[in-house]
Each structure stands twice: as structure tokens, then as C-alpha cells.
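Encoded as C-alpha cells, the structure appears first; notes follow it.
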Amino acid sequence: MDADLARAEECDEELEKDMARYTGPKCRYCRAERSKLFLKGERCHSGKCPLNDIKNAGLPGKDPHARAKKPTNYGLQMREKQKLKRTYCMLEKQFKLTFEEAARIPGKTGETLISLLECRLDNVVFRLHFASSRNQSAQFINHGHILVNGKSVRIPSYQLKAGDVVSVAPSGQKMVAIKENLKEYSKSGVTPWLQLDPDAMKGTFVAVPRRSEVTELEKINEQLIVELYSK
């Protein structure tokens with residue numbers, strides 16, 4: 001089991017090196033982690049999501065009814081890392097660098113890691129409902145449709161600080177996709193550490209969130225990731 005996992009991770013890393021980003025079917029990731037990672041926007045909330053019927057979804061390349069092996073400690077740690085990495089749509093090297101940065105900051109490394117991930121510009125653009133997924137968010141940023149404090153920033157991993165203002169550039173304010181995404185604000189609002197003015201297409205990163213505030217990740221055990229990288 002561990003050998004299979006290691007080989008799979010090596011293949012993923014080679015793909016990332018060759019392609020710079022994963023462009024294959026994103027539902028494959030959700031099936032591998034046995035949980036919704038919300039990588040495809042509205043589709044994840046619709047009846048088309050394969051995880052709606054998790055018993056018959058099956059692992060990628062496996063018979064849905066095949067007998068599952070009991071995971072080892074290494075397997076559990078690896079799956080937890082993959083789940084968090086894929087939720088934030090990051091490459092292996094990016095994720096490891098973020099973990100190393102979290103390890104240098106005083107405090108609990110796992111909690112600091114999640115705080116750093118939440119400070120990423122692509123994550124905040126997604127949480128402000130400018131984009132329907134973090135992948136789409138990164139695309140908008142790369143194309144220059146997002147401003148930070150009035151200046152264009154084309155780096156999805158850009159780390160925001162408390163008080164930073166994130167807005168849609170004039171080129172993006174005419175986009176139907178962004179206007180449609182903002183309609184979700186009236187349904188679900190934004191997280192407590194953000195403020196949004198949907199009419200002005202502008203939001204404020206009020207504060208770095210605490211681990212307990214990131215309820216979307218309540219099933220993530222970040223301590224397993226710390227143990228994995230500590231080996």
C-alpha cells in the first residue's frame with residue numbers, strides 16, 4: 001500500500017514538473033481523497049458531482065466494489081497532505097515551501113500552515129466570490145483582472161496582510177463570469193475575516209484567520225501533515 005502511494009505521488013510530481021500544473025479531470029482528485037474538494041465550482045454543488053454517491057464513486061482506476069486495504073500511518077499522513085494541497089490547488093513544491101515557512105514561525109506549525117494558505121491571494125479571491133473555484137481564481141489573477149490595494153498583482157500565491165483591499169480590475173468588471181459568481185454572495189455571504197462590497201466588486205482582508213475559524217477544513221488533521229514532513 002505504501003509503495004503504491006509513493007509511486008502515485010512520484011507520478012504526480014513528475015506531471016507537475018512537466019506541465020507546471022495539473023490539467024486532467026479534477027473529479028479524480030476528489031475521488032482519491034473520498035471527499036469534496038470543491039475544485040469545479042457550481043458542478044460540485046450539483047447532482048453531477050460523483051461524490052454525491054460516494055459508495056459507488058470508487059478510487060481512480062479501481063473497481064468501486066474492490067476490497068479496500070487498511071491504510072498505514074504513512075498512508076494516512078500522505079492522504080491528509082494530498083487533501084489539503086489539492087484543496088488549495090497547489091503544486092508539491094509550492095506546498096512544501098509554505099510548510100517550511102510555517103515551521104519557521106513561532107507557534108503550532110499545523111495551524112500556522114492553514115493560516116498561510118488562507119492568506120493566499122487566489123484563496124481570498126475565491127472566498128470573496130469573484131471566482132467559482134480556486135483554479136478559476138488563479139486564472140483571473142494571471143490575466144490581470146485582480147488588483148491589490150489598487151495595483152495589479154499577477155501572482156496567485158501572493159500573501160495578503162490585514163487591511164489589504166482586493167478588487168476586480170476595470171477589465172474584469174465587465175466579465176459575465178465574475179458577475180454571476182458574485183450572486184453567490186447573497187446566498188452564503190463571506191467568511192468572518194473578510195468584508196465585501198459586491199456593488200463595487202471590492203473586498204477587504206480584515207485579519208489573518210485563526211485555525212478554529214476555517215470551518216471548511218474541520219475534517220483536516222493538520223498534525224498528520226506535520227508528522228509526515230518531520231520524518
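Every chain in the C-alpha cells has a letter given in the order shown (A, B, ...), and although residue numbers restart at 1 in each chain, ligands are simply numbered from 1 in the order shown.
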
*asked:* I'd like the neighbourhood of His143 in chain A as a list of chain:residue names, where a residue qualifies if any of its atoms comes within 12 Å (using only C-alpha atoms), though same-chain residues fewer than 6 positions away should be ignored.
replied: A:Gln136, A:Ser137, A:Ser152, A:Val153, A:Arg154, A:Ile155, A:Pro156, A:Val168, A:Ala169, A:Ser171, A:Gly172

Written file, previous selection with all heavy atoms, as a tab-separated table (two decimals), in the first residue's frame:
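Generated output (result.tsv):
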chain	number	residue	atom	x	y	z
A	136	GLN	N	-10.16	28.83	-10.98
A	136	GLN	CA	-10.62	29.98	-11.76
A	136	GLN	C	-10.04	31.27	-11.19
A	136	GLN	O	-9.68	32.19	-11.94
A	136	GLN	CB	-12.15	30.05	-11.76
A	136	GLN	CG	-12.71	31.10	-12.70
A	136	GLN	CD	-14.22	31.20	-12.65
A	136	GLN	OE1	-14.80	31.54	-11.62
A	136	GLN	NE2	-14.87	30.86	-13.77
A	137	SER	N	-9.92	31.32	-9.89
A	137	SER	CA	-9.34	32.48	-9.22
A	137	SER	C	-7.91	32.73	-9.71
A	137	SER	O	-7.54	33.86	-10.05
A	137	SER	CB	-9.34	32.27	-7.71
A	137	SER	OG	-8.61	33.27	-7.05
A	152	SER	N	-2.13	46.07	-9.86
A	152	SER	CA	-2.27	44.74	-10.45
A	152	SER	C	-1.26	43.76	-9.85
A	152	SER	O	-0.07	44.07	-9.75
A	152	SER	CB	-2.08	44.81	-11.97
A	152	SER	OG	-2.16	43.51	-12.54
A	153	VAL	N	-1.75	42.61	-9.42
A	153	VAL	CA	-0.89	41.55	-8.90
A	153	VAL	C	-1.22	40.28	-9.67
A	153	VAL	O	-2.36	39.84	-9.69
A	153	VAL	CB	-1.11	41.31	-7.39
A	153	VAL	CG1	-0.30	40.12	-6.91
A	153	VAL	CG2	-0.74	42.56	-6.59
A	154	ARG	N	-0.22	39.70	-10.31
A	154	ARG	CA	-0.45	38.51	-11.14
A	154	ARG	C	0.20	37.26	-10.53
A	154	ARG	O	0.60	36.36	-11.24
A	154	ARG	CB	0.10	38.74	-12.55
A	154	ARG	CG	-0.56	39.91	-13.26
A	154	ARG	CD	-0.31	39.88	-14.75
A	154	ARG	NE	-0.95	41.00	-15.42
A	154	ARG	CZ	-1.33	40.99	-16.70
A	154	ARG	NH1	-1.14	39.90	-17.43
A	154	ARG	NH2	-1.89	42.05	-17.25
A	155	ILE	N	0.29	37.23	-9.22
A	155	ILE	CA	0.89	36.10	-8.51
A	155	ILE	C	-0.17	35.46	-7.61
A	155	ILE	O	-0.50	36.01	-6.55
A	155	ILE	CB	2.09	36.54	-7.67
A	155	ILE	CG1	3.11	37.29	-8.54
A	155	ILE	CG2	2.75	35.35	-6.98
A	155	ILE	CD1	4.23	37.92	-7.76
A	156	PRO	N	-0.75	34.31	-8.00
A	156	PRO	CA	-1.79	33.67	-7.18
A	156	PRO	C	-1.37	33.38	-5.74
A	156	PRO	O	-2.19	33.42	-4.83
A	156	PRO	CB	-2.09	32.38	-7.95
A	156	PRO	CG	-1.73	32.69	-9.36
A	156	PRO	CD	-0.53	33.60	-9.27
A	168	VAL	N	-11.72	43.93	-8.19
A	168	VAL	CA	-11.72	43.49	-9.59
A	168	VAL	C	-11.30	44.67	-10.45
A	168	VAL	O	-11.84	45.78	-10.32
A	168	VAL	CB	-13.12	42.98	-10.00
A	168	VAL	CG1	-13.12	42.57	-11.48
A	168	VAL	CG2	-13.54	41.81	-9.12
A	169	ALA	N	-10.34	44.45	-11.34
A	169	ALA	CA	-9.87	45.50	-12.23
A	169	ALA	C	-10.96	45.89	-13.23
A	169	ALA	O	-11.89	45.10	-13.47
A	169	ALA	CB	-8.63	45.02	-12.98
A	171	SER	N	-11.02	45.81	-16.30
A	171	SER	CA	-11.13	44.81	-17.37
A	171	SER	C	-11.98	43.62	-16.95
A	171	SER	O	-12.59	42.95	-17.79
A	171	SER	CB	-9.73	44.31	-17.76
A	171	SER	OG	-9.08	43.71	-16.65
A	172	GLY	N	-12.02	43.35	-15.64
A	172	GLY	CA	-12.78	42.20	-15.15
A	172	GLY	C	-14.20	42.53	-14.75
A	172	GLY	O	-15.05	41.65	-14.65

*Surrounding residues of range 101-103 of chain A excluding itself and chain neighbours under 5 positions, 10 Å, only C-alpha atoms, as a list of chain:residue names*: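 Everything that qualifies: A:Phe95, A:Lys96, A:Lys108, A:Thr109, A:Gly110, A:Glu111, A:Thr112, A:Leu113, A:Ile114, A:Ser115, A:Leu116, A:Leu117, A:Val226.
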
Restricting the output to C-alpha atoms, write the selected residues as an mmCIF file, in the first residue's frame.
data_model
loop_
_atom_site.group_PDB
_atom_site.id
_atom_site.type_symbol
_atom_site.label_atom_id
_atom_site.label_comp_id
_atom_site.auth_asym_id
_atom_site.auth_seq_id
_atom_site.Cartn_x
_atom_site.Cartn_y
_atom_site.Cartn_z
ATOM 1 C CA PHE A 95 3.044 23.339 -0.665
ATOM 2 C CA LYS A 96 6.338 22.176 0.840
ATOM 3 C CA LYS A 108 1.828 25.463 16.194
ATOM 4 C CA THR A 109 3.118 24.638 12.721
ATOM 5 C CA GLY A 110 -0.086 22.976 11.514
ATOM 6 C CA GLU A 111 -2.284 25.899 12.482
ATOM 7 C CA THR A 112 0.191 28.407 11.036
ATOM 8 C CA LEU A 113 0.233 26.423 7.773
ATOM 9 C CA ILE A 114 -3.518 26.776 7.352
ATOM 10 C CA SER A 115 -3.359 30.491 8.183
ATOM 11 C CA LEU A 116 -0.717 30.981 5.478
ATOM 12 C CA LEU A 117 -2.835 29.086 2.956
ATOM 13 C CA VAL A 226 3.442 17.933 10.393
#

_Could you check the closest approach to Val190 in chain A for each of A:Ser167, A:Thr204, A:Gln223, A:Asn73 and tell me which residue wins, using only C-alpha atoms?_
A:Thr204

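Distance check against Lys179 in chain A using only C-alpha atoms: of A:Thr87, A:Gln82, A:Thr72, A:Ser132, the minimum falls on A:Ser132.
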
*Tell me which protein, DNA and RNA residues are within 8 Å of Phe140 in chain A, counting only C-alpha atoms, leaving out same-chain ones fewer than 5 positions away, and put them as a ChimeraX atom specification.*
/A:131,145-146

*Looking at only C-alpha atoms, which of A:Gly144, A:Pro192, A:Pro71, A:Gly150 is the one that sits closest to Val208 in chain A?*
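Smallest distance to Val208 in chain A is found for A:Pro192.
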
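Shortest atom-to-atom contact with Leu194 in chain A among A:Ile141, A:Cys89, A:Ile225, A:Ala207: A:Ala207, counting only C-alpha atoms.
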
*Using only C-alpha atoms, which of the listed residues (A:Val125, A:Ile105, A:Leu76, A:Ala162) sits closest to Leu196 in chain A?*
A:Val125

*Near Gly189 in chain A, counting only C-alpha atoms, which residues have an atom at most 10 Å away, once you skip same-chain residues fewer than 5 positions from it, shown as an MDAnalysis selection string?*
chainID A and resid 127:129 182:184 194:196

Take the residues just selected and output them with C-alpha atoms as a PDB file, in the first residue's frame.
ATOM      1  CA  ARG A 127     -13.728  33.357  -0.867  1.00  0.00           C
ATOM      2  CA  LEU A 128     -14.858  36.835  -1.984  1.00  0.00           C
ATOM      3  CA  HIS A 129     -16.957  35.121  -4.699  1.00  0.00           C
ATOM      4  CA  LEU A 182     -20.931  37.405  -7.088  1.00  0.00           C
ATOM      5  CA  LYS A 183     -24.571  36.309  -6.976  1.00  0.00           C
ATOM      6  CA  GLU A 184     -23.419  33.584  -4.589  1.00  0.00           C
ATOM      7  CA  LEU A 194     -13.284  39.225   5.010  1.00  0.00           C
ATOM      8  CA  GLN A 195     -15.532  42.147   4.076  1.00  0.00           C
ATOM      9  CA  LEU A 196     -17.122  42.521   0.655  1.00  0.00           C
TER      10      LEU A 196
END

*Would you give me, as a PyMOL selection string, the residues in range 90-149 of chain A that DSSP reads as helix (DSSP H, G or I)?*
chain A and resi 92-104+109-118+121-127+134-142

Please, could you write that set of residues out with C-alpha atoms as a PDB file, in the first residue's frame?
ATOM      1  CA  GLU A  92       4.008  19.798  -4.363  1.00  0.00           C
ATOM      2  CA  LYS A  93       6.962  22.202  -4.295  1.00  0.00           C
ATOM      3  CA  GLN A  94       4.703  25.183  -3.516  1.00  0.00           C
ATOM      4  CA  PHE A  95       3.044  23.339  -0.665  1.00  0.00           C
ATOM      5  CA  LYS A  96       6.338  22.176   0.840  1.00  0.00           C
ATOM      6  CA  LEU A  97       7.779  25.704   0.721  1.00  0.00           C
ATOM      7  CA  THR A  98       4.677  27.005   2.503  1.00  0.00           C
ATOM      8  CA  PHE A  99       5.053  24.310   5.158  1.00  0.00           C
ATOM      9  CA  GLU A 100       8.721  25.224   5.663  1.00  0.00           C
ATOM     10  CA  GLU A 101       7.730  28.865   6.102  1.00  0.00           C
ATOM     11  CA  ALA A 102       5.085  27.847   8.669  1.00  0.00           C
ATOM     12  CA  ALA A 103       7.704  25.804  10.540  1.00  0.00           C
ATOM     13  CA  ARG A 104       9.915  28.896  10.920  1.00  0.00           C
ATOM     14  CA  THR A 109       3.118  24.638  12.721  1.00  0.00           C
ATOM     15  CA  GLY A 110      -0.086  22.976  11.514  1.00  0.00           C
ATOM     16  CA  GLU A 111      -2.284  25.899  12.482  1.00  0.00           C
ATOM     17  CA  THR A 112       0.191  28.407  11.036  1.00  0.00           C
ATOM     18  CA  LEU A 113       0.233  26.423   7.773  1.00  0.00           C
ATOM     19  CA  ILE A 114      -3.518  26.776   7.352  1.00  0.00           C
ATOM     20  CA  SER A 115      -3.359  30.491   8.183  1.00  0.00           C
ATOM     21  CA  LEU A 116      -0.717  30.981   5.478  1.00  0.00           C
ATOM     22  CA  LEU A 117      -2.835  29.086   2.956  1.00  0.00           C
ATOM     23  CA  GLU A 118      -5.819  31.288   3.760  1.00  0.00           C
ATOM     24  CA  LEU A 121      -4.474  35.825  -2.997  1.00  0.00           C
ATOM     25  CA  ASP A 122      -6.090  33.087  -5.086  1.00  0.00           C
ATOM     26  CA  ASN A 123      -7.852  31.740  -1.991  1.00  0.00           C
ATOM     27  CA  VAL A 124      -9.150  35.181  -0.966  1.00  0.00           C
ATOM     28  CA  VAL A 125     -10.407  35.948  -4.487  1.00  0.00           C
ATOM     29  CA  PHE A 126     -12.314  32.655  -4.340  1.00  0.00           C
ATOM     30  CA  ARG A 127     -13.728  33.357  -0.867  1.00  0.00           C
ATOM     31  CA  ARG A 134      -9.550  28.464  -6.677  1.00  0.00           C
ATOM     32  CA  ASN A 135      -8.472  27.311 -10.127  1.00  0.00           C
ATOM     33  CA  GLN A 136     -10.622  29.980 -11.762  1.00  0.00           C
ATOM     34  CA  SER A 137      -9.341  32.484  -9.223  1.00  0.00           C
ATOM     35  CA  ALA A 138      -5.723  31.793 -10.232  1.00  0.00           C
ATOM     36  CA  GLN A 139      -6.709  32.239 -13.882  1.00  0.00           C
ATOM     37  CA  PHE A 140      -8.277  35.654 -13.209  1.00  0.00           C
ATOM     38  CA  ILE A 141      -5.164  36.734 -11.301  1.00  0.00           C
ATOM     39  CA  ASN A 142      -2.799  35.550 -14.044  1.00  0.00           C
TER      40      ASN A 142
END

*Calculate how many Å separate CA of Ser188 in chain A from CA of Glu80 in chain A, rounding to one decimal.*
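Distance reported for this atom pair: 27.0 Å.
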
*Could you tell me how far CA of Arg79 in chain A lies from CA of Glu227 in chain A, in Å and to one decimal?*
12.5 Å

*So what do you get for CA of Met78 in chain A versus CA of Glu216 in chain A, distance-wise?*
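Pair CA of Met78 in chain A / CA of Glu216 in chain A returns 19.7 Å.
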
*Hey, what does DSSP flag as strand (DSSP E or B) within range 139-207 of chain A? Can you give it to me as a list in words?*
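These are the residues in question: Ile146, Leu147, Val148, Lys151, Ser152, Gln159, Val165, Val166, Ser167, Val168, Leu194, Gln195, Leu196, Asp197, Lys202, Gly203, Thr204 and Phe205 of chain A.
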
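For the residues A:Lys202, A:Lys70, A:Ser157, A:Phe130, ranking by smallest atom-to-atom distance to Tyr88 in chain A using only C-alpha atoms places A:Ser157 first.
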